[in-house]
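**Student:** Below are the C-alpha cells for one structure; questions will follow.
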Amino acid sequence: MRDGTPTTIYRKEYSAPVFSITDADLTFAIYDGFTLVSSILHLQRQREDEAPWVLDGEDLEIEQIEIDGTPLQQHEYSYDGRQLTLPQIGESCQLLTRVRIYPEANTALEGLYRSRTIYCTQCEAEGFRKITFFLDRPDVLAIFKVTVEADKASCPILLSNGNAVAQEDLTEGRHRSVWHDPWPKPCYLFALVAGDLESVSESFTTASGREVALNVFVEAKDVNYCDHAMDSLKRSMKWDEQVYGLEYDLDLFNIVAVDDFNMGAMENKGLNIFNTSCVLASPDITTDAGYLRIESIVAHEYFHNFSGNRVTCRDWFQLSLKEGFTVFRDSQFSADMNSAGVKRVEDVSFLRTHQFAEDAGPMAHPVRPDSFIEISNFYTLTVYEKGAEVVRMLHTLLGHDLFIAGAKYYFAKHDGQAVTCDDFVSAMEQVSEKDLTQFRRWYEQSGTPNLIIDDQYDPTARRVTLTVTQNNGQNSDGASKPPLHLPVAIGLVVKGHSHTFEEGGSTRLLEVTEAKQVFEIDNVEDKPVVSLLRGFSAPVRLQSADDDDTLAALIGSDSDDFVKWDAMQRYASRVIEAQARGEPLSDAFISAYRQAMSSDIDDAMKAQLLTLPSEEYLADRQAQHGLVDVFEIRGAREDIKKILATEFEAQWTSWFSRYENPETYQANGRQIGQRALRHLALSYLSQARPEALDWAETLLGNADNLSDRLATLRVLVNGGDESTRSAVLGNFYQQWQHEALIVNQWFTLQATRPSADTVESVIALQNHGAFDWRNPNKIRALVGGFASANPIAFHRQDGAGYAFLGDVIARVQSANPQIAARLCTPLTRFRRYAHGVDAMQSQLERIAGLDNLSRDVFEVVGKALDK
C-alpha cells in the first residue's frame, strides 16, 4: 500500500456519535453513465462538546451543500475524499447535499452499482458512504424517505426500503417512485433497485390477520425459477411467528436477484437483495444441496428483520450479535423443515473443516473481534458459524423454553436500538436467572478449545466417572487462557441400548466450568460405551481414549446421529492415517463399515455415514501434530476408498441400480436421500468397475435434474481419459451455456479435477468466453474452487498453482478488494504445509508489494506474513 499504512480500529476505543441523524430524505436521479444523489439530513447534536460535524463520504463529486437553506462555498467546508467536515453550527441543522456518482464504473460492487441491466446497492458494511454523505456507522438510526427517478423504458421497476407511497410519470419518458420506511435503521440497511425486472407475486396473512404483499423480482429470463424461493419465504414467515412470536412489520416484502453480488444475500429492511445463485431454482439449474441452501438463505435474510434490523449492532465488532444469532435461527428452521440429524452433521462438518482451520490460522480472532483494519475481512466463519454455535450453547444451557423467552425479552427491550453481544447475553440472564459471566468468554477468546475426556467404570459401585479437561491455548503473553463454560451432552450405551438417566431421557448435560472437572453417574448396570458431545453440544476438538471397538459400538448402537457419524469419521480417519504409515486395513473396520451399511437409518443419513472424511478434515487432523502433506493424504484416502469399493461392490451396485426408473424430480427429503446414496455408490463403483464410467454416461444422458448430471459428470471428468473428459464437458457446455448458474458449476468441475495439469486448464479457462472478471460468482467458481478445493493441483510441486492465484489476486484486488481478500486465504496458511512453504510466502510478499494495495488485501496478507 503506497498511500500510507491504514489505520487499525479498536473496539476499546468506541465512543458514541457526536450527533444523530433523525431523518433522511434522499432523491436518486439515475441517468445513463451517472446518478445524482440529493440528500436532506436532519442532524441533532448528541454530546456537549465542540467536536466538529464530520460525515463519511468516499470519492463523491460534490455539486451542492446547504445548511438550513444557506449554500456553502468551497472554503466553508473541507472534503478529503473520505470525510466531509462542516463549519461549527448549533445544536441541530438541516443539511442538504447533492453529489454525482458513477454506478456503471463501480467494479467493487459496494454502494450503488450496475449489474447487467439492474442498478442495485450493497451498503453493508461501509458502502453507503460511496453513495452520499452520512454517518456510516450502525449506531446511527434514521427514518428514511427515498425518491427514485429513472428512464421508464430501461428501468420500469423502482424499489427501495419500506412501503411504496407514491408513483408518477415525469416528462421525457422518465418516472418516479417514492418509498417510506417507518422503522429507524442504520444506513447499512439502505437499499435501492432500479431496472427491467419481472416478478412472482403472492401474499402472506400474518398471525394478526394483516395481508403482506410478497414479490420476488428477477430478469425476465429467470421468472420461472422463483417458486422455491417464494415458498421458502412463506415458510420462514410462518415459522418465525410460531417459534419466536415475531410477526412481519411492513405492508410488503421484496426480494431482488442480481448476477453480480459479492455476498450471498443482504437483509436490507423490506428489500432483500440476493445473489441469483441463492434465489433461482429448478431441477435443471439447481442441485439438491442448492434447494436446501436457497431455503436456508431466504430464511436467514428474512429472520434478520428482527435479529439484525429491528435490533441492530452498536458497532461492527458486535457483528456476530446479528449474524451468529441469525445463523442459529436459520439452522433451527432448516432442521425443522428437513432432517434434523443430517442438518446437524452438515453444519458440524463445515465448521470442523473450515472454521477450525480459520481458528488455527493467521486470521484467527474472537467471535467479537478486538480490532480490524477493514471490516469486510471480518465477515468470517468465526463470526457466523462459531457465533451460531455460541448461541446454540446458550440454547442448550437454558433449554428451549427459557431461550425463546430470553429472545423475546431481548427483542422487546431493545427494539429500535443498536446494542452489543453483552446485551444479548444479559437478556438471557435476566429471564433464566442463570449466571452467564463465565460464558461471555466465548465472545472474548479466539481459538478452538481442546476437550479431553477419560471415562472409568466401577462395577462394584455401578458408577461411571468422567474426568473432563479443557485446554484453551495461550494468550499472546504466554499465559493459559482461562476455562470456558462448556455444555457437554453425554449418553451411555449399555449392552447395545441407550441408558435412561435417573432424571429421565437418554442424554445428560454436564456443565464444564473448570480446567479439570470430575463427574459421577450412578446406577449404571454394566460397563457402558460413553456417547460424548451429543449433538455436538460445544464447538471443541474432542480427544478421548476411545478404541476401535468403542467407535464401532457407537456406529452400530448410538441413537444420536452426530455421535454415530462422528464415530465413523474418527474411525475412518485413523484407518486412512494408518494406511499412510503402510499399515494394512483391519478386518474390524470392514466389519464396522458393513454394520453402518445395514443400519436402520434414512438414505440421506446413511450417505453421510458412509462418506469418508474429506481431505480438508484429514489435513486439519494432521496439522494438530505436524505439517500437512496433501499428497500423502490424497493417496491414503484413495487407497482406502478403492478397498471399500471392491469389498462392498455388490452393495454399491445394488444401491446404484435401485433407482434406475426414478420418480419425477422433487427436492424432498426422501428423494434427496435416495440420490445422495446413489451418487455415493457411483463414486465408489468408479473405483472398482471399469464399466461404471459407461453407467455414468448413461445416467448423464437420461438425467432429469442437475444433481444427477453433476454427480455423473464429476465421475467422468475425474475418472475418464482426456478424450472422454473433453467430450462430456463440451457437450454439457453446449447444452447449458445460456444458464449462468450451470456454467459456474461447469467451471468448478474443471477447477477441482484432482490432477496436476488442472493448473493449465484453469489458466486457459480464464480466457473462455463465459468467464467474466467482473462477476464474483465466476471468480469464486473457477479460481476459488481451484485454490480452496483442489489441494493436489493447487500445491503442485513447481509452485504453478500458487503463482496462478497470486496473478489473480494482483489483477482483482484494485477492482474488487473484497473478493481478492477472500481469495488470499489458501496462501495465508502456508506455514501448516510440508510442501511449498517458500513459494506460497513468496506470493504473499509479492502481493504485499503491489502499488495501491487495497486495505482489504493489505490486512489479510500482513497478518499472514507477521505470524
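Residues are referred to by chain and number: the chain letter is A, B, ... according to the order shown in the C-alpha cells, the number counts from 1 in that chain, and ligands are numbered separately from 1 in the order shown.
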Residues of segment 296-338 of chain A within 12 Å of segment 666-680 of chain A: nearest atom pair and distance (Å, one decimal) for each, counting only C-alpha atoms, sorted by chain and number, as CSV?
**Tutor:**
```
residue,atom,partner,partner_atom,distance
A:Ser334,CA,A:Gly669,CA,11.6
A:Ala335,CA,A:Gly669,CA,11.4
A:Asp336,CA,A:Gly669,CA,11.9
A:Met337,CA,A:Gly669,CA,9.3
A:Asn338,CA,A:Gly669,CA,6.3
```
**Student:** What's around Asp136 of chain A at 8 Å? Count only C-alpha atoms, leave out sequence neighbours fewer than 6 positions away in its own chain, and write the answer as a list of chain:residue names.
**Tutor:**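 Once the nearby chain positions are removed, what remains is A:Leu55, A:Asp56, A:Glu126, A:Phe128, A:Arg129, A:Pro186, A:Cys187, A:Tyr188.
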**Student:** What gap, in Å, lies between atom CA of Asp639 of chain A and atom CA of Leu610 of chain A?
**Tutor:**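 The value is 15.6 Å.
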**Student:** Can you pull out the residues contacting Leu542 of chain A? Cut-off 8 Å, using only C-alpha atoms, and skip same-chain residues under 3 positions away; I want them as a ChimeraX atom specification.
**Tutor:** /A:450-453
**Student:** Just N, CA and C atoms for this one: save the residues we selected as a compact mmCIF listing (two decimals), in the first residue's frame.
**Tutor:**
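Saved result, part-v3.txt, follows:
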```
# COMPACT_ATOMS: atom_id res chain seq x y z
N ASN A 450 -9.59 -27.55 23.22
CA ASN A 450 -9.36 -28.99 23.21
C ASN A 450 -9.99 -29.59 24.46
N LEU A 451 -10.83 -30.58 24.26
CA LEU A 451 -11.54 -31.21 25.36
C LEU A 451 -11.09 -32.66 25.46
N ILE A 452 -10.51 -33.02 26.60
CA ILE A 452 -10.04 -34.39 26.84
C ILE A 452 -10.96 -35.03 27.86
N ILE A 453 -11.53 -36.17 27.51
CA ILE A 453 -12.47 -36.84 28.42
C ILE A 453 -12.01 -38.28 28.63
```
**Student:** Would you mind writing down, as a count of residues only, each residue of segment 185-372 of chain A that DSSP on the backbone assigns to alpha helix (DSSP H)?
**Tutor:** 68
**Student:** Can you tell me which residues surround Ser755 of chain A at a distance of at most 9 Å, considering only C-alpha atoms, apart from same-chain residues fewer than 5 positions away, and format the answer as a list in words?
**Tutor:**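 Everything that qualifies: Asn718, Asn790, Ile792 and Ala793 of chain A.
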**Student:** Name the closest residue to Ser559 of chain A among the candidates A:Ala623, A:Ala29, A:Ile576, A:Leu492; distances are taken between atoms, counting only C-alpha atoms.
**Tutor:**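 Closest to Ser559 of chain A of all the choices is A:Leu492.
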**Student:** Of the residues A:Met263, A:Ile255, A:Ile297, A:Ala703, which is the one nearest to Glu198 of chain A, using only C-alpha atoms?
**Tutor:**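 Residue with the minimum atom-to-atom distance to Glu198 of chain A: A:Ile255.
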**Student:** Restricting the calculation to only C-alpha atoms, which member of A:Asp222, A:Asp259, A:Asp547, A:Glu301 is positioned closest to Thr117 of chain A?
**Tutor:**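 The shortest atom-to-atom distance to Thr117 of chain A comes from A:Asp259.
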**Student:** For Pro52 of chain A, list every protein, DNA or RNA residue within 12 Å, evaluated using only C-alpha atoms, and leave out those in the same chain fewer than 5 positions away; present the list as a ChimeraX atom specification.
**Tutor:** /A:17-19,45,47,77-78,83-91
**Student:** Given the selection you just returned, output its residues as a file containing C-alpha atoms, formatted as an mmCIF file, in the first residue's frame.
**Tutor:**
```cif
data_model
loop_
_atom_site.group_PDB
_atom_site.id
_atom_site.type_symbol
_atom_site.label_atom_id
_atom_site.label_comp_id
_atom_site.auth_asym_id
_atom_site.auth_seq_id
_atom_site.Cartn_x
_atom_site.Cartn_y
_atom_site.Cartn_z
ATOM 1 C CA PRO A 17 -21.519 9.582 17.809
ATOM 2 C CA VAL A 18 -21.222 13.337 18.238
ATOM 3 C CA PHE A 19 -24.585 13.811 16.564
ATOM 4 C CA ARG A 45 -26.031 17.076 18.408
ATOM 5 C CA ARG A 47 -22.781 15.373 23.038
ATOM 6 C CA TYR A 77 -16.124 23.164 4.348
ATOM 7 C CA SER A 78 -13.367 20.621 3.789
ATOM 8 C CA GLN A 83 -14.795 12.674 5.103
ATOM 9 C CA LEU A 84 -16.730 15.937 4.895
ATOM 10 C CA THR A 85 -16.048 18.427 7.721
ATOM 11 C CA LEU A 86 -18.626 21.182 8.209
ATOM 12 C CA PRO A 87 -18.291 24.530 9.968
ATOM 13 C CA GLN A 88 -19.367 24.880 13.583
ATOM 14 C CA ILE A 89 -23.144 25.059 13.835
ATOM 15 C CA GLY A 90 -25.700 24.935 16.611
ATOM 16 C CA GLU A 91 -27.442 22.029 18.317
#
```
**Student:** Between A:Ile62, A:Ala191, A:Val348, A:Met428, which residue has the minimum interatomic distance to Asp561 of chain A, considering only C-alpha atoms?
**Tutor:** A:Val348
**Student:** To one decimal place in Å, what is the distance between atom CA of Ala357 of chain A and atom CA of Phe804 of chain A?
**Tutor:** 22.8 Å
